[in-house]
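Have a look at input-v8.txt below; it lists compact mmCIF, C-alpha atoms and all ligand atoms.
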# COMPACT_ATOMS: atom_id res chain seq x y z
CA MET A 128 -54.82 -189.45 -33.98
CA THR A 129 -56.76 -191.06 -36.85
CA ARG A 130 -60.42 -190.06 -36.86
CA VAL A 131 -62.42 -193.02 -38.14
CA LEU A 132 -66.09 -193.39 -39.08
CA LEU A 133 -67.81 -196.78 -38.93
CA THR A 134 -71.03 -197.00 -40.97
CA GLY A 135 -73.55 -199.77 -40.35
CA ALA A 136 -72.63 -199.56 -36.67
CA SER A 137 -75.99 -200.88 -35.45
CA GLY A 138 -75.86 -204.07 -37.57
CA GLY A 139 -74.50 -207.49 -36.61
CA VAL A 140 -70.93 -206.94 -37.81
CA GLY A 141 -71.05 -203.27 -36.75
CA THR A 142 -71.91 -204.32 -33.21
CA ARG A 143 -68.82 -206.55 -33.07
CA LEU A 144 -66.64 -203.81 -34.55
CA ARG A 145 -67.94 -201.25 -32.06
CA LYS A 146 -66.35 -203.38 -29.36
CA LEU A 147 -63.10 -204.22 -31.17
CA LEU A 148 -62.15 -200.98 -32.97
CA PRO A 149 -61.90 -198.40 -30.13
CA ALA A 150 -58.70 -200.09 -28.88
CA HIS A 151 -57.10 -198.96 -32.16
CA TYR A 152 -59.20 -195.89 -32.97
CA PRO A 153 -60.30 -194.19 -29.74
CA GLN A 154 -61.92 -191.39 -31.76
CA LEU A 155 -64.41 -193.69 -33.48
CA ARG A 156 -67.59 -192.10 -34.88
CA LEU A 157 -70.54 -194.43 -35.42
CA SER A 158 -73.32 -194.11 -37.97
CA ASP A 159 -76.43 -195.99 -39.04
CA LEU A 160 -80.10 -195.25 -39.68
CA GLN A 161 -80.83 -195.73 -35.97
CA PRO A 162 -78.40 -195.66 -33.02
CA PRO A 163 -77.45 -198.96 -31.39
CA THR A 164 -79.91 -199.68 -28.57
CA ASP A 165 -77.05 -199.83 -26.07
CA LEU A 166 -75.21 -196.70 -27.25
CA ARG A 167 -72.96 -195.45 -24.44
CA SER A 168 -72.52 -191.79 -23.48
CA ASP A 169 -68.82 -191.95 -24.47
CA GLU A 170 -69.67 -193.07 -28.02
CA GLU A 171 -70.26 -190.56 -30.83
CA PHE A 172 -73.20 -191.37 -33.09
CA VAL A 173 -74.39 -189.56 -36.24
CA ALA A 174 -77.65 -190.83 -37.81
CA ALA A 175 -77.69 -190.96 -41.62
CA ASP A 176 -79.71 -192.58 -44.37
CA LEU A 177 -77.12 -193.59 -46.98
CA ALA A 178 -79.52 -192.53 -49.76
CA ASP A 179 -79.48 -188.95 -48.40
CA ALA A 180 -76.35 -187.31 -49.87
CA ALA A 181 -76.40 -184.32 -47.50
CA ALA A 182 -76.70 -186.53 -44.42
CA VAL A 183 -73.87 -188.76 -45.67
CA GLU A 184 -71.68 -185.73 -46.19
CA ARG A 185 -72.38 -184.50 -42.64
CA MET A 186 -71.44 -187.87 -41.19
CA ALA A 187 -68.13 -187.86 -43.15
CA GLU A 188 -67.11 -184.38 -42.00
CA GLY A 189 -63.74 -184.26 -40.20
CA MET A 190 -62.90 -187.94 -40.78
CA ASP A 191 -59.53 -189.34 -41.89
CA ALA A 192 -60.91 -192.77 -42.79
CA ILE A 193 -64.27 -194.47 -43.29
CA ILE A 194 -64.99 -198.14 -42.66
CA HIS A 195 -68.10 -198.68 -44.75
CA PHE A 196 -70.27 -201.53 -43.51
CA GLY A 197 -73.58 -199.68 -43.95
CA ALA A 198 -75.67 -201.58 -46.52
CA PHE A 199 -78.58 -203.91 -47.06
CA SER A 200 -76.54 -207.01 -46.35
CA VAL A 201 -78.45 -209.80 -48.11
CA GLU A 202 -80.58 -210.19 -51.24
CA GLY A 203 -83.55 -207.85 -51.32
CA PRO A 204 -85.99 -205.96 -53.56
CA TRP A 205 -84.38 -203.82 -56.25
CA ASP A 206 -85.48 -200.50 -54.68
CA THR A 207 -83.89 -201.42 -51.37
CA ILE A 208 -80.62 -202.53 -52.99
CA LEU A 209 -80.63 -199.48 -55.26
CA ASN A 210 -81.04 -196.97 -52.42
CA ALA A 211 -78.90 -198.50 -49.69
CA ASN A 212 -76.13 -200.14 -51.72
CA ILE A 213 -75.88 -198.37 -55.07
CA VAL A 214 -76.95 -194.78 -54.39
CA GLY A 215 -75.68 -195.14 -50.81
CA THR A 216 -72.20 -196.29 -51.83
CA TYR A 217 -71.97 -193.53 -54.45
CA ASN A 218 -72.95 -190.98 -51.78
CA LEU A 219 -70.34 -192.42 -49.44
CA PHE A 220 -67.43 -192.18 -51.90
CA GLU A 221 -68.55 -188.77 -53.11
CA ALA A 222 -68.77 -187.50 -49.51
CA ALA A 223 -65.30 -188.90 -48.83
CA ARG A 224 -63.91 -187.04 -51.85
CA ARG A 225 -65.64 -183.75 -51.00
CA GLN A 226 -64.67 -183.91 -47.33
CA GLY A 227 -61.03 -184.82 -47.97
CA VAL A 228 -61.26 -188.25 -46.30
CA LYS A 229 -58.05 -190.10 -47.14
CA ARG A 230 -59.05 -193.75 -46.87
CA VAL A 231 -62.08 -195.99 -47.27
CA VAL A 232 -62.39 -199.65 -46.31
CA PHE A 233 -65.31 -200.99 -48.34
CA ALA A 234 -67.17 -204.06 -47.08
CA SER A 235 -67.58 -206.00 -50.31
CA SER A 236 -68.73 -209.59 -50.28
CA ASN A 237 -68.00 -213.10 -51.48
CA HIS A 238 -71.28 -212.75 -53.41
CA VAL A 239 -69.36 -210.73 -56.04
CA VAL A 240 -67.91 -214.12 -57.08
CA GLY A 241 -70.73 -216.38 -55.86
CA PHE A 242 -71.21 -218.31 -59.11
CA TYR A 243 -67.73 -219.88 -59.11
CA PRO A 244 -67.89 -223.58 -58.31
CA ARG A 245 -66.50 -224.68 -54.98
CA ASP A 246 -63.80 -226.81 -56.62
CA GLN A 247 -62.27 -223.78 -58.34
CA ARG A 248 -59.66 -221.75 -56.48
CA ILE A 249 -59.87 -218.08 -57.41
CA ASN A 250 -57.83 -215.00 -56.65
CA THR A 251 -58.79 -211.34 -56.64
CA GLU A 252 -58.29 -211.10 -60.42
CA ALA A 253 -61.26 -213.41 -61.05
CA THR A 254 -64.01 -211.86 -63.19
CA ALA A 255 -67.06 -210.98 -61.12
CA LEU A 256 -69.84 -213.60 -61.22
CA PRO A 257 -72.36 -212.09 -58.78
CA ASP A 258 -75.10 -214.39 -57.50
CA THR A 259 -77.75 -211.82 -56.46
CA LEU A 260 -78.69 -208.18 -56.96
CA TYR A 261 -76.93 -207.76 -53.62
CA GLY A 262 -73.75 -209.27 -55.17
CA VAL A 263 -74.18 -206.99 -58.21
CA SER A 264 -74.38 -203.97 -55.87
CA LYS A 265 -71.11 -205.01 -54.20
CA THR A 266 -69.51 -205.42 -57.64
CA PHE A 267 -70.64 -201.86 -58.39
CA GLY A 268 -69.13 -200.76 -55.07
CA GLU A 269 -65.77 -202.30 -56.01
CA GLY A 270 -65.98 -200.43 -59.33
CA LEU A 271 -66.66 -197.15 -57.53
CA ALA A 272 -63.79 -197.87 -55.15
CA ALA A 273 -61.37 -198.37 -58.06
CA PHE A 274 -62.67 -195.23 -59.79
CA TYR A 275 -62.28 -192.99 -56.72
CA ALA A 276 -58.85 -194.45 -55.97
CA HIS A 277 -57.47 -193.91 -59.46
CA LYS A 278 -59.26 -190.69 -60.41
CA PHE A 279 -59.17 -188.88 -57.06
CA GLY A 280 -56.31 -190.45 -55.13
CA LEU A 281 -58.42 -191.96 -52.33
CA ARG A 282 -56.74 -195.00 -50.76
CA VAL A 283 -59.25 -197.83 -50.80
CA LEU A 284 -59.33 -201.42 -49.60
CA CYS A 285 -62.22 -203.66 -50.72
CA LEU A 286 -62.80 -206.70 -48.51
CA ARG A 287 -64.66 -209.57 -50.19
CA ILE A 288 -65.95 -210.87 -46.91
CA GLY A 289 -66.88 -214.53 -46.39
CA ASN A 290 -68.91 -215.19 -43.24
CA ILE A 291 -68.16 -213.31 -40.02
CA ASN A 292 -69.13 -215.11 -36.85
CA GLU A 293 -67.65 -216.39 -33.61
CA GLN A 294 -67.74 -219.93 -35.05
CA ALA A 295 -68.11 -221.78 -38.37
CA LEU A 296 -71.63 -223.22 -38.42
CA ASP A 297 -71.85 -225.29 -41.64
CA LEU A 298 -69.75 -226.84 -44.40
CA ARG A 299 -69.58 -223.65 -46.47
CA HIS A 300 -68.43 -221.69 -43.43
CA LEU A 301 -65.48 -224.05 -43.06
CA SER A 302 -64.20 -222.51 -46.32
CA ILE A 303 -65.25 -218.87 -45.88
CA TRP A 304 -65.24 -218.19 -42.12
CA LEU A 305 -63.74 -214.90 -40.92
CA LYS A 306 -62.92 -214.49 -37.25
CA PRO A 307 -63.93 -210.98 -36.06
CA GLU A 308 -60.38 -210.26 -34.80
CA ASP A 309 -59.01 -211.14 -38.25
CA LEU A 310 -61.48 -208.68 -39.76
CA VAL A 311 -60.01 -205.99 -37.49
CA GLN A 312 -56.53 -206.87 -38.75
CA LEU A 313 -57.69 -206.47 -42.37
CA ILE A 314 -59.42 -203.17 -41.59
CA ARG A 315 -56.25 -201.86 -39.96
CA ILE A 316 -54.28 -202.59 -43.15
CA GLY A 317 -56.88 -200.53 -45.03
CA VAL A 318 -56.74 -197.61 -42.58
CA GLU A 319 -53.00 -197.61 -41.83
CA HIS A 320 -50.80 -199.37 -44.38
CA PRO A 321 -48.53 -196.75 -46.00
CA ASP A 322 -48.23 -198.59 -49.36
CA LEU A 323 -51.94 -199.14 -49.95
CA ASN A 324 -53.56 -197.40 -52.92
CA TYR A 325 -56.31 -199.68 -54.20
CA GLU A 326 -56.57 -203.36 -53.34
CA ILE A 327 -59.05 -206.19 -53.07
CA PHE A 328 -58.54 -208.79 -50.31
CA TYR A 329 -60.68 -211.74 -49.36
CA GLY A 330 -62.12 -211.38 -45.88
CA VAL A 331 -61.35 -214.88 -44.70
CA SER A 332 -59.37 -216.49 -41.87
CA ASP A 333 -56.71 -219.18 -42.24
CA ASN A 334 -59.07 -222.00 -43.31
CA VAL A 335 -57.48 -225.16 -44.75
CA ARG A 336 -60.65 -225.74 -46.81
CA GLY A 337 -60.55 -222.20 -48.25
CA TRP A 338 -61.40 -221.50 -51.90
CA TRP A 339 -59.69 -218.15 -52.24
CA ASP A 340 -56.09 -217.28 -52.95
CA ASN A 341 -55.56 -214.38 -50.57
CA ALA A 342 -51.91 -213.75 -51.48
CA ASN A 343 -52.70 -210.07 -51.91
CA ALA A 344 -53.63 -209.73 -48.22
CA TYR A 345 -50.57 -211.71 -47.11
CA ARG A 346 -48.41 -209.38 -49.19
CA TYR A 347 -49.58 -206.56 -46.89
CA GLY A 348 -48.69 -208.52 -43.75
CA TYR A 349 -52.06 -210.16 -42.92
CA LYS A 350 -51.53 -212.93 -40.33
CA PRO A 351 -54.94 -214.47 -39.59
CA SER A 352 -55.32 -216.14 -36.20
CA GLY A 353 -58.62 -217.92 -36.95
CA GLU A 354 -58.80 -221.47 -38.34
CA SER A 355 -62.28 -222.81 -39.11
CA GLU A 356 -61.17 -226.42 -38.58
CA ASP A 357 -61.41 -225.71 -34.84
CA PHE A 358 -65.21 -225.90 -35.34
CA VAL A 359 -65.32 -228.84 -37.75
CA GLN A 360 -67.55 -231.04 -35.58
CA MET A 361 -70.10 -228.27 -34.98
CA ALA A 362 -70.05 -227.27 -38.66
CA LEU A 363 -70.59 -230.81 -39.96
CA GLU A 364 -73.48 -231.31 -37.54
CA GLY A 365 -74.92 -227.96 -38.62
CA GLN A 366 -74.71 -229.06 -42.26
CA VAL A 367 -76.60 -232.30 -41.59
CA ALA A 368 -79.48 -230.26 -40.14
CA LYS A 369 -79.83 -228.27 -43.38
CA PRO A 370 -82.15 -229.24 -46.25
CA ALA A 371 -80.48 -230.50 -49.46
CA ASP A 372 -79.62 -227.63 -51.84
CA PRO A 373 -77.90 -229.01 -54.99
CA VAL A 374 -77.33 -225.60 -56.62
CA GLY A 375 -76.32 -223.83 -53.42
CA ASP A 376 -74.03 -226.67 -52.39
CA TYR A 377 -72.24 -226.59 -55.76
CA PHE A 378 -71.42 -222.88 -55.95
CA GLN A 379 -69.33 -220.74 -53.59
CA GLY A 380 -72.21 -218.32 -52.93
CA GLY A 381 -74.31 -221.14 -51.41
CA PRO A 382 -77.97 -220.27 -50.76
CA PHE A 383 -77.55 -216.88 -52.46
CA CYS A 384 -77.07 -218.85 -55.72
CA SER A 385 -80.05 -221.17 -55.28
CA GLN A 386 -82.45 -218.44 -54.13
CA GLY A 387 -84.81 -217.88 -57.10
CA PHE A 388 -82.53 -219.94 -59.38
CA GLN A 389 -84.07 -220.55 -62.83
CA GLY A 390 -80.86 -221.13 -64.81
CA ASP A 391 -79.57 -224.26 -66.50
CA PHE A 392 -77.62 -226.00 -63.75
CA GLU A 393 -76.31 -228.79 -66.04
CA ARG A 394 -75.00 -226.26 -68.58
CA LEU A 395 -73.31 -224.23 -65.83
CA LYS A 396 -71.61 -227.35 -64.51
CA GLN A 397 -70.27 -228.16 -67.99
CA ARG A 398 -68.79 -224.68 -68.21
CA ASP A 399 -66.66 -225.56 -65.26
C1 LIG B 401 -72.82 -211.73 -46.98
O1 LIG B 401 -72.38 -210.97 -47.82
C2 LIG B 401 -73.85 -211.32 -46.01
O2 LIG B 401 -73.80 -209.95 -45.72
C3 LIG B 401 -73.83 -212.14 -44.75
O3 LIG B 401 -75.03 -211.90 -44.05
C4 LIG B 401 -73.67 -213.63 -45.02
O4 LIG B 401 -74.83 -214.12 -45.63
C5 LIG B 401 -72.47 -213.88 -45.91
O5 LIG B 401 -72.47 -213.03 -47.04
C6 LIG B 401 -72.37 -215.34 -46.40
O6 LIG B 401 -72.12 -215.54 -47.57
O7 LIG B 401 -72.48 -216.23 -45.57
Encoded form using structure tokens:
Amino acid sequence: MTRVLLTGASGGVGTRLRKLLPAHYPQLRLSDLQPPTDLRSDEEFVAADLADAAAVERMAEGMDAIIHFGAFSVEGPWDTILNANIVGTYNLFEAARRQGVKRVVFASSNHVVGFYPRDQRINTEATALPDTLYGVSKTFGEGLAAFYAHKFGLRVLCLRIGNINEQALDLRHLSIWLKPEDLVQLIRIGVEHPDLNYEIFYGVSDNVRGWWDNANAYRYGYKPSGESEDFVQMALEGQVAKPADPVGDYFQGGPFCSQGFQGDFERLKQRD
């Protein structure tokens, strides 16, 4: 039976995965800085600060696969990003190598490619254009993933995740929404697919307004069941309630692009 570790288990996505993954991986180990408040007695939890290499190695002990969602998941101060996402991701891959873990599913993000305009369709070959230090840290994580896969034979799947929620809540979500059950399907390809060595997929459902060519995921048998258009009314109403954001509304990364933006918007638009 595959022994699987889920990091970031106390966070928003981790909480959803805690409910959905045990059906596939009954021996699921959970980790985070603090245990989930509703941790059950039949759940295994190992506390670890990702910046603490020894603690990360202890949490990886005995695992076949790691699903790495532990991170600071939005833009933040450099020290926070450095410790949780850069040092933390290095510690995670290094622990996997030292402990003989065979597979890692790395939660990357759409913010690796946030500065592509919304009218440009991109695939997983697109050059990284991160929109935040957070996006830069996920780009670094994808680099580490490729390095550990090629140099040390780890099998790694990077998921450039859009927005995980039960519903699509605004216009941008109509393009990037990922239904939690579809995320589980993508994770299972990363943990189980026999042909996988190193791949990048977009973490997105079957959205007609999508911006990303996810042929790579379909090649591995991904069959998303979610379709953001089911929430179109709610999403359009949600958009109307939002303040105008010319920069954020132009680029794929949305508010992550406009946050602290001091660039030359007109020049960037000409580039495209
Ligand atoms: C992310 O990478 C974040 O972790 C998540 O909180 C959302 O903000 C998402 O991107 C998004 O782009 O909506």
My list of candidates is A:Gln360, A:Thr254, A:Ser355, A:Asn292. Which is closest to ligand LIG 401 (chain B) when distances are computed with all atoms listed in the file?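 Comparing A:Gln360, A:Thr254, A:Ser355, A:Asn292 against ligand LIG 401 (chain B), the winner is A:Asn292.
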Please determine the residues with any atom at most 10 Å from (-68.4, -201.2, -55.1) (coordinates as given in the file, with all atoms listed in the file counting) and report them as a list in words. Asn212, Ile213, Thr216, Tyr217, Phe220, Phe233, Ala234, Ser235, Ser236, Val239, Gly262, Val263, Ser264, Lys265, Thr266, Phe267, Gly268, Glu269, Gly270, Leu271, Ala272, Ala273, Phe274 and Cys285 of chain A
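If you count all atoms listed in the file and draw a sphere of 7 Å around (-73.7, -195.5, -40.0), the protein and nucleic acid residues inside it come out as Leu133, Thr134, Gly135, Ala136, Leu157, Ser158, Asp159, Leu160, Ala174, Ala175 and Gly197 of chain A.
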Could you build a table of the residues in chain A lying no more than 7 Å from ligand LIG 401 (chain B), giving for each the nearest pair of atoms and their separation in Å rounded to one decimal place, using only C-alpha atoms and all ligand atoms, ordered by chain and ascending residue number, as a tab-separated table?
residue	atom	partner	partner_atom	distance
A:Ser200	CA	B:LIG401	O2	4.1
A:Val201	CA	B:LIG401	O2	5.2
A:Ser236	CA	B:LIG401	O1	4.6
A:Asn237	CA	B:LIG401	O1	6.1
A:His238	CA	B:LIG401	O1	6.0
A:Ile288	CA	B:LIG401	O1	6.5
A:Gly289	CA	B:LIG401	O6	5.5
A:Asn290	CA	B:LIG401	O7	4.4
A:Gly380	CA	B:LIG401	O6	6.0
With C-alpha atoms retained, write the just-selected residues as a short mmCIF file (atom, residue, chain, number, x, y, z; two decimals), in the frame of the given file.
data_model
loop_
_atom_site.label_atom_id
_atom_site.label_comp_id
_atom_site.auth_asym_id
_atom_site.auth_seq_id
_atom_site.Cartn_x
_atom_site.Cartn_y
_atom_site.Cartn_z
CA SER A 200 -76.54 -207.01 -46.35
CA VAL A 201 -78.45 -209.80 -48.11
CA SER A 236 -68.73 -209.59 -50.28
CA ASN A 237 -68.00 -213.10 -51.48
CA HIS A 238 -71.28 -212.75 -53.41
CA ILE A 288 -65.95 -210.87 -46.91
CA GLY A 289 -66.88 -214.53 -46.39
CA ASN A 290 -68.91 -215.19 -43.24
CA GLY A 380 -72.21 -218.32 -52.93
#
Can you pull out every residue within 9 Å of Gln226 (chain A), counting all atoms listed in the file, but drop anything in the same chain fewer than 5 positions away, and send it as a PyMOL selection string? chain A and resi 184+187-190+221
Å distance separating CA of Pro351 (chain A) from CA of Asp309 (chain A), one decimal place: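 Going from CA of Pro351 (chain A) over to CA of Asp309 (chain A), I get 5.4 Å.
Among the candidates A:Leu144, A:Leu155, A:Cys384, A:Val311, the one nearest to Glu202 (chain A) when counting only C-alpha atoms is A:Cys384.
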If you measure from CA of Arg336 (chain A) to CA of Glu356 (chain A), what distance in Å do you get, rounded to one decimal?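 Calculated distance between CA of Arg336 (chain A) and CA of Glu356 (chain A) is 8.3 Å.
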Please, what is the axis-aligned box for every listed atom of region 291-294 of chain A with 3 Å on each side, as centre and edge lengths in Å to one decimal, as AutoDock Vina command-line options?
--center_x -68.4 --center_y -216.6 --center_z -36.8 --size_x 7.5 --size_y 12.6 --size_z 12.4
Residue nearest Arg282 (chain A) among A:Val228, A:Leu296, A:Asn250, A:Glu308 (counting only C-alpha atoms):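 Among the listed residues, the smallest separation from Arg282 (chain A) belongs to A:Val228.
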Which of these, A:Trp339, A:Phe196, A:Tyr347, A:Phe328, has the shortest distance to Ile303 (chain A) once you count all atoms listed in the file? A:Trp339
Separation of CA of Gln312 (chain A) and CA of Ala344 (chain A), in Å? 10.3 Å
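Using only C-alpha atoms for every distance, the candidate list A:Ile316, A:Leu363, A:Ala368, A:Leu148 yields A:Ile316 as the residue closest to Arg346 (chain A).
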Pick the closest to Tyr349 (chain A) from A:Val240, A:Val367, A:Leu310, A:Leu219: which is it, counting all atoms listed in the file? A:Leu310
I'd like the neighbourhood of Asn324 (chain A) as a ChimeraX atom specification, where a residue qualifies if any of its atoms comes within 12 Å (using only C-alpha atoms), though same-chain residues fewer than 2 positions away should be ignored. /A:229-232,272-285,316-322,326-327,347
C-alpha atoms of the current selection, written as an mmCIF file, in the coordinates of the input:
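Resulting contents of out.cif:
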data_model
loop_
_atom_site.group_PDB
_atom_site.id
_atom_site.type_symbol
_atom_site.label_atom_id
_atom_site.label_comp_id
_atom_site.auth_asym_id
_atom_site.auth_seq_id
_atom_site.Cartn_x
_atom_site.Cartn_y
_atom_site.Cartn_z
ATOM 1 C CA LYS A 229 -58.050 -190.100 -47.140
ATOM 2 C CA ARG A 230 -59.050 -193.750 -46.870
ATOM 3 C CA VAL A 231 -62.080 -195.990 -47.270
ATOM 4 C CA VAL A 232 -62.390 -199.650 -46.310
ATOM 5 C CA ALA A 272 -63.790 -197.870 -55.150
ATOM 6 C CA ALA A 273 -61.370 -198.370 -58.060
ATOM 7 C CA PHE A 274 -62.670 -195.230 -59.790
ATOM 8 C CA TYR A 275 -62.280 -192.990 -56.720
ATOM 9 C CA ALA A 276 -58.850 -194.450 -55.970
ATOM 10 C CA HIS A 277 -57.470 -193.910 -59.460
ATOM 11 C CA LYS A 278 -59.260 -190.690 -60.410
ATOM 12 C CA PHE A 279 -59.170 -188.880 -57.060
ATOM 13 C CA GLY A 280 -56.310 -190.450 -55.130
ATOM 14 C CA LEU A 281 -58.420 -191.960 -52.330
ATOM 15 C CA ARG A 282 -56.740 -195.000 -50.760
ATOM 16 C CA VAL A 283 -59.250 -197.830 -50.800
ATOM 17 C CA LEU A 284 -59.330 -201.420 -49.600
ATOM 18 C CA CYS A 285 -62.220 -203.660 -50.720
ATOM 19 C CA ILE A 316 -54.280 -202.590 -43.150
ATOM 20 C CA GLY A 317 -56.880 -200.530 -45.030
ATOM 21 C CA VAL A 318 -56.740 -197.610 -42.580
ATOM 22 C CA GLU A 319 -53.000 -197.610 -41.830
ATOM 23 C CA HIS A 320 -50.800 -199.370 -44.380
ATOM 24 C CA PRO A 321 -48.530 -196.750 -46.000
ATOM 25 C CA ASP A 322 -48.230 -198.590 -49.360
ATOM 26 C CA GLU A 326 -56.570 -203.360 -53.340
ATOM 27 C CA ILE A 327 -59.050 -206.190 -53.070
ATOM 28 C CA TYR A 347 -49.580 -206.560 -46.890
#
Would you please take region 263-274 of chain A of the structure in the block above and write N, CA and C atoms to a file as a compact mmCIF listing (two decimals), in the first residue's frame?
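File decode-v4.txt, as written:
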# COMPACT_ATOMS: atom_id res chain seq x y z
N VAL A 263 7.79 33.78 -7.85
CA VAL A 263 9.21 33.47 -8.06
C VAL A 263 9.59 32.22 -7.26
N SER A 264 9.06 32.12 -6.03
CA SER A 264 9.39 30.95 -5.18
C SER A 264 8.83 29.66 -5.80
N LYS A 265 7.68 29.76 -6.45
CA LYS A 265 7.11 28.56 -7.10
C LYS A 265 7.90 28.21 -8.36
N THR A 266 8.44 29.23 -9.04
CA THR A 266 9.31 28.99 -10.20
C THR A 266 10.57 28.26 -9.73
N PHE A 267 11.11 28.70 -8.60
CA PHE A 267 12.27 28.03 -8.01
C PHE A 267 11.92 26.58 -7.68
N GLY A 268 10.74 26.37 -7.12
CA GLY A 268 10.29 25.01 -6.77
C GLY A 268 10.22 24.12 -8.00
N GLU A 269 9.72 24.67 -9.12
CA GLU A 269 9.67 23.87 -10.36
C GLU A 269 11.09 23.54 -10.82
N GLY A 270 12.02 24.48 -10.63
CA GLY A 270 13.42 24.23 -10.98
C GLY A 270 14.01 23.12 -10.13
N LEU A 271 13.75 23.18 -8.83
CA LEU A 271 14.22 22.12 -7.92
C LEU A 271 13.63 20.78 -8.33
N ALA A 272 12.35 20.79 -8.65
CA ALA A 272 11.66 19.56 -9.04
C ALA A 272 12.34 18.93 -10.25
N ALA A 273 12.64 19.75 -11.26
CA ALA A 273 13.30 19.24 -12.47
C ALA A 273 14.69 18.71 -12.14
N PHE A 274 15.40 19.43 -11.27
CA PHE A 274 16.75 19.03 -10.88
C PHE A 274 16.74 17.68 -10.16
